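Student: Okay, handing you the structure first.
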Amino acid sequence: MASNKRFLTDDQRALLKIASQNVESLSSSPKSSTSLLSEHIVKAPAGGKAQTAGIAVRHVRRSHSGKFVRVKKDGAGGKGTWGKLLDTDGESHLDQNDPNYDSGEEPYQLVGSTVSDPLDEYKRAVVSVIEEYFSTGDVDLAASDLRELGSSEYHPYIIKRLVSMAMDRHDKEKEMASVLLSALYADVISPNQIRDGFFMLLESADDLAVDILDAVDILALFLARAVVDDIVPPAFLTRAKKGLPESSKGVQVIQIADKSYLSAPHHAELVEKRWGGSTHITVEEVKKKIADLLREYVESGDTIEACRFIRDLGVSFFHHEVVKRALVLAMEIRTAEPLILKLLKEASEEGLISSSQMVKGFSRLAESLDDLSLDIPSAKALFQSLVPKAISEGWLDASFVKSSAEDGEIPNDAKVRRYKEEVGTIIHEYFLSDDIPELIQSLVDLGAPEYNPIFLKKLITLAMDRKNREKEMASVLLASLHSEIFSSEDIANGFVMLLESAEDTALDILDASNELSLFLARAVIDDVLVPHNLEEMNSKLSPNSSGSETVRMARALLSARHAGERILRCWGGGSGWAVEDAKDKILKLLEEYESGGVVAEACQCIRDLGMPFFNHEVVKKALVMAMEKKNDRMLDLLQECFTEGLITINQMTKGFARIKDGLDDLALDIPIVREKFSFYVEHAQKKGWLLPSLGSSATDDSLTRAAAS
């Protein structure tokens, strides 16, 4: 065989054999076995003639005409060919009219969507409800719509949005907003959420002031109205103020609400009618009508007529006030209890008073039991006996007991217990440190002025079981508290609580009655109480009780010769001498000033006393001296002290109040004391020395007495 004769190698033969065996399985392919073979043909050995001019054989195919043509790589394309087995070069389209069409073969397409914030949706829904309410004035519908929105965690936003929308509208809408707030209270929105909503408003006061010029004053009026309507406690103002920057508009709102609205005489009536022309009856008028109808019902016993009156009021959202006042009346007039319970049961069965309003009425009464106990000592026990009766008869939901216990409301025992624990710690720290300003600040931080009588009772009780040093410290502290944060009523109520529990205290402290009488007498000597307070206390006690005997002992101590000096020394002097020493120094510096002293030196002496909480004594003694000497030069000193901020408006008012309380005694030595005092009050009002709480009432009272004499 010639050397240039073409032949197949062993590998090529093996490949040809495999291709032959698979020819049947590949018979349906556009490629033939020959084409498979041709793809693996290599160049001829050296010396042979290559017919493809250097083109790789596997890319060469013989055409039907016998010519070799170049085809596309991988065998796809070319005229007269079928292309690759899976030819994806061309675009393919699915025909929806094809019987074999499958929608699952359609390509996926990603579609973007906006993620919605639940709060944004809630806000839009709230705005819609409020807008509709402003148009229709339907309180029940608005309350129902807001309840159906759900999302209770967003309820504080309702308060913020309702008030902020009303602020930029007419007085009618402002009044409507306040009425709706009262309707939502506790029924739709919890008391805590109401407070949270108002705090949000205070935080945003700076932003509101940008769009609404008088936003600060309007928001202050809304806040004052909330306090008057009993949906926000007065203590909220103190707590909220601590959570705001001192320079913020929110603090200004609180100050205006407290000083301009809530401290004014007859403030409730003024605040209620500030947005006059409302289509709604004011809360104060509703309260009066409720009180009248309950009194008439107790006299007549006509349940049907009473229910008709309640229905005619047309304030279903305020029926909780009917419940509260009815229960209080049942406690005040014990013989009226069966009638009252019959009325509430009938109103509940008729659907006149809803279950939620009934629970709300009981809850509001539970919150005020401590104050009510001052007038009705057995209020807590009576309330605890009424609740099971109401639940057993089916007109009070049993959930009230559970919810009230969780909130610490029935009868506020949990809340009072926590308060007692906290003030117990504060008092113990005071006995160790003797730091009065620190204790006063701690009480202010607690933000519970309604419990001031409880603090006094706790202080005296702890002091009675300790040494004379702590007893003296307790009396000095009372004088400081009275001039700073405690009212005369707080002090008197605290002592009444002590006297009512005198028999129980005597079981633990053998000499409790004697100790308590000394505390009472010392309070009178320190001008914390006036003698008339002892008479009022005695009238609230049983004639033969241990408390009544204690009051008689205190009177005996005060009537003794040199009572003041002896009572001040009853516990061996100690820190109590600071008060007596201060009184002596005040008298001497005023005498020196009256005899020709310099105002600046007198002010410096007052400053050197270092007892700013006792500056009301300066005011009192200065006024008495001016009356006795018939020299009004003392007014110049008071003016300078007030201008320098040495004597605050609170201390100035307290000093004038002390004079007012002692006018009867002063009249024995100074016959024209009432005329002079009226003149001084008018002068002080013009100079801005006094709070509105004293103001006209002091003048009118003194003038009335002067005319009568």
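Ordered as shown in the structure tokens, chains take letters A, B, and onward, while each chain numbers its residues from 1 and ligands are numbered from 1 in the order shown.
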At a cut-off of 10 Å, using only C-alpha atoms, what residues contact Glu299 of chain A? Leave out same-chain residues fewer than 5 positions from it and give the result as a list in words.

Tutor: Leu293, Leu294, Ala336 and Leu339 of chain A

Student: Got time to write the residues from that selection, C-alpha atoms, as an mmCIF file, in the first residue's frame?

Tutor:
data_model
loop_
_atom_site.group_PDB
_atom_site.id
_atom_site.type_symbol
_atom_site.label_atom_id
_atom_site.label_comp_id
_atom_site.auth_asym_id
_atom_site.auth_seq_id
_atom_site.Cartn_x
_atom_site.Cartn_y
_atom_site.Cartn_z
ATOM 1 C CA LEU A 293 -82.532 65.329 89.287
ATOM 2 C CA LEU A 294 -80.918 62.935 91.790
ATOM 3 C CA ALA A 336 -81.329 56.690 100.094
ATOM 4 C CA LEU A 339 -83.496 53.964 95.935
#

Student: What's the 8 Å shell around segment 239-248 of chain A, counting only C-alpha atoms, without same-chain residues fewer than 4 positions away, as an MDAnalysis selection string?

Tutor: chainID A and resid 199 203 205:206 235 252 254 445 447

Student: For the selection you just gave me, I'd like the residues written to a file as a PDB file, in the first residue's frame, keeping N, CA and C atoms.

Tutor:
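As a result, selection_10.pdb now contains:
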ATOM      1  N   PHE A 199     -49.357  65.170  76.387  1.00  0.00           N
ATOM      2  CA  PHE A 199     -47.905  65.376  76.453  1.00  0.00           C
ATOM      3  C   PHE A 199     -47.314  65.485  75.047  1.00  0.00           C
ATOM      4  N   GLU A 203     -45.150  68.606  73.605  1.00  0.00           N
ATOM      5  CA  GLU A 203     -43.857  68.441  72.934  1.00  0.00           C
ATOM      6  C   GLU A 203     -43.837  69.126  71.570  1.00  0.00           C
ATOM      7  N   ALA A 205     -45.566  71.817  70.775  1.00  0.00           N
ATOM      8  CA  ALA A 205     -46.050  73.193  70.886  1.00  0.00           C
ATOM      9  C   ALA A 205     -45.205  74.156  70.064  1.00  0.00           C
ATOM     10  N   ASP A 206     -43.892  73.929  70.003  1.00  0.00           N
ATOM     11  CA  ASP A 206     -43.021  74.818  69.221  1.00  0.00           C
ATOM     12  C   ASP A 206     -43.382  74.766  67.740  1.00  0.00           C
ATOM     13  N   ALA A 235     -52.151  67.105  88.843  1.00  0.00           N
ATOM     14  CA  ALA A 235     -50.746  66.703  89.026  1.00  0.00           C
ATOM     15  C   ALA A 235     -50.034  66.470  87.698  1.00  0.00           C
ATOM     16  N   GLN A 252     -44.283  76.929  78.640  1.00  0.00           N
ATOM     17  CA  GLN A 252     -45.104  78.145  78.663  1.00  0.00           C
ATOM     18  C   GLN A 252     -46.590  77.797  78.707  1.00  0.00           C
ATOM     19  N   ILE A 254     -47.972  75.141  80.030  1.00  0.00           N
ATOM     20  CA  ILE A 254     -48.309  74.668  81.377  1.00  0.00           C
ATOM     21  C   ILE A 254     -48.409  75.838  82.349  1.00  0.00           C
ATOM     22  N   ASP A 445     -41.310  66.060  93.004  1.00  0.00           N
ATOM     23  CA  ASP A 445     -41.019  65.063  91.962  1.00  0.00           C
ATOM     24  C   ASP A 445     -42.044  63.933  91.958  1.00  0.00           C
ATOM     25  N   GLY A 447     -45.158  64.277  92.388  1.00  0.00           N
ATOM     26  CA  GLY A 447     -46.290  64.779  91.609  1.00  0.00           C
ATOM     27  C   GLY A 447     -47.638  64.258  92.068  1.00  0.00           C
TER      28      GLY A 447
END

Student: Extract, using only C-alpha atoms, all DNA, RNA and protein residues at most 12 Å from Val673 of chain A, discarding same-chain residues fewer than 3 positions from it, and format them as a ChimeraX atom specification.

Tutor: /A:623-630,659-660,662-670,676-680,702-703,705-706,709

Student: Grab the atom CA of Leu219 of chain A to atom CA of His170 of chain A distance for me, in Å with one decimal place.

Tutor: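 Rounded to one decimal, the two atoms are 13.9 Å apart.
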
Student: Would you please work out which residue, of A:Leu396, A:Val286, A:Val423, A:Cys307, is nearest to Glu346 of chain A when using only C-alpha atoms?

Tutor: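 Smallest separation from Glu346 of chain A among the options: A:Cys307.
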
Student: Within 10 Å of Leu520 of chain A, counting only C-alpha atoms, which residues qualify if same-chain residues fewer than 5 places away don't, as a list in words?

Tutor: Ser475, Ala492, Phe495, Asn514, Glu515, Ile525, Val528, Leu529, Pro531, Leu534, Thr550, Val551, Met553, Ala554, Arg555, Leu557 and Leu558 of chain A

Student: With C-alpha atoms retained, could you export that selection as a tab-separated table (two decimals), in the first residue's frame?

Tutor:
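Output below, filename out.tsv:
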chain	number	residue	atom	x	y	z
A	475	SER	CA	-42.78	70.30	113.37
A	492	ALA	CA	-56.01	70.29	108.48
A	495	PHE	CA	-54.48	66.09	111.22
A	514	ASN	CA	-50.48	63.40	124.40
A	515	GLU	CA	-47.87	63.49	121.62
A	525	ILE	CA	-47.94	78.31	117.48
A	528	VAL	CA	-49.44	76.33	110.34
A	529	LEU	CA	-52.96	76.11	111.77
A	531	PRO	CA	-57.31	78.15	116.42
A	534	LEU	CA	-59.22	73.02	115.87
A	550	THR	CA	-56.76	65.03	121.85
A	551	VAL	CA	-58.18	68.28	120.41
A	553	MET	CA	-55.87	68.67	125.26
A	554	ALA	CA	-54.34	70.82	122.50
A	555	ARG	CA	-56.71	73.67	123.36
A	557	LEU	CA	-52.06	73.64	126.12
A	558	LEU	CA	-52.65	76.74	124.02

Student: Which of these, A:Glu350, A:Leu341, A:Tyr593, A:Ile218, has the shortest distance to Ile310 of chain A once you count only C-alpha atoms?

Tutor: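 Nearest to Ile310 of chain A: A:Glu350.
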
Student: Tell me which protein, DNA and RNA residues are within 7 Å of segment 643-653 of chain A, counting only C-alpha atoms, leaving out same-chain ones fewer than 3 positions away, and put them as a VMD selection string.

Tutor: chain A and resid 483 615 to 616 619 639 to 640 656 to 657 689 to 691 694

Student: Excluding Glu592 of chain A and residues on its chain fewer than 4 positions from it, collect all residues at most 12 Å away from it, counting only C-alpha atoms, and give them as a count of residues only.

Tutor: 14

Student: Just asking: which residues within segment 228-347 of chain A are alpha helix (DSSP H) according to DSSP, as a PyMOL selection string?

Tutor: chain A and resi 228+235-242+249-256+267-272+283-300+303-313+319-332+337-347

Student: Of the candidates A:Val216, A:Ala502, A:Leu439, A:Ala183, which one gets nearest to His319 of chain A if we count only C-alpha atoms?

Tutor: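 Among A:Val216, A:Ala502, A:Leu439, A:Ala183, it is A:Ala183 that comes nearest to His319 of chain A.
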
Student: Measuring between only C-alpha atoms, which one of A:Ala224, A:Leu343, A:Ala268, A:Ile376 shows the shortest distance to Gln255 of chain A?

Tutor: A:Ala224
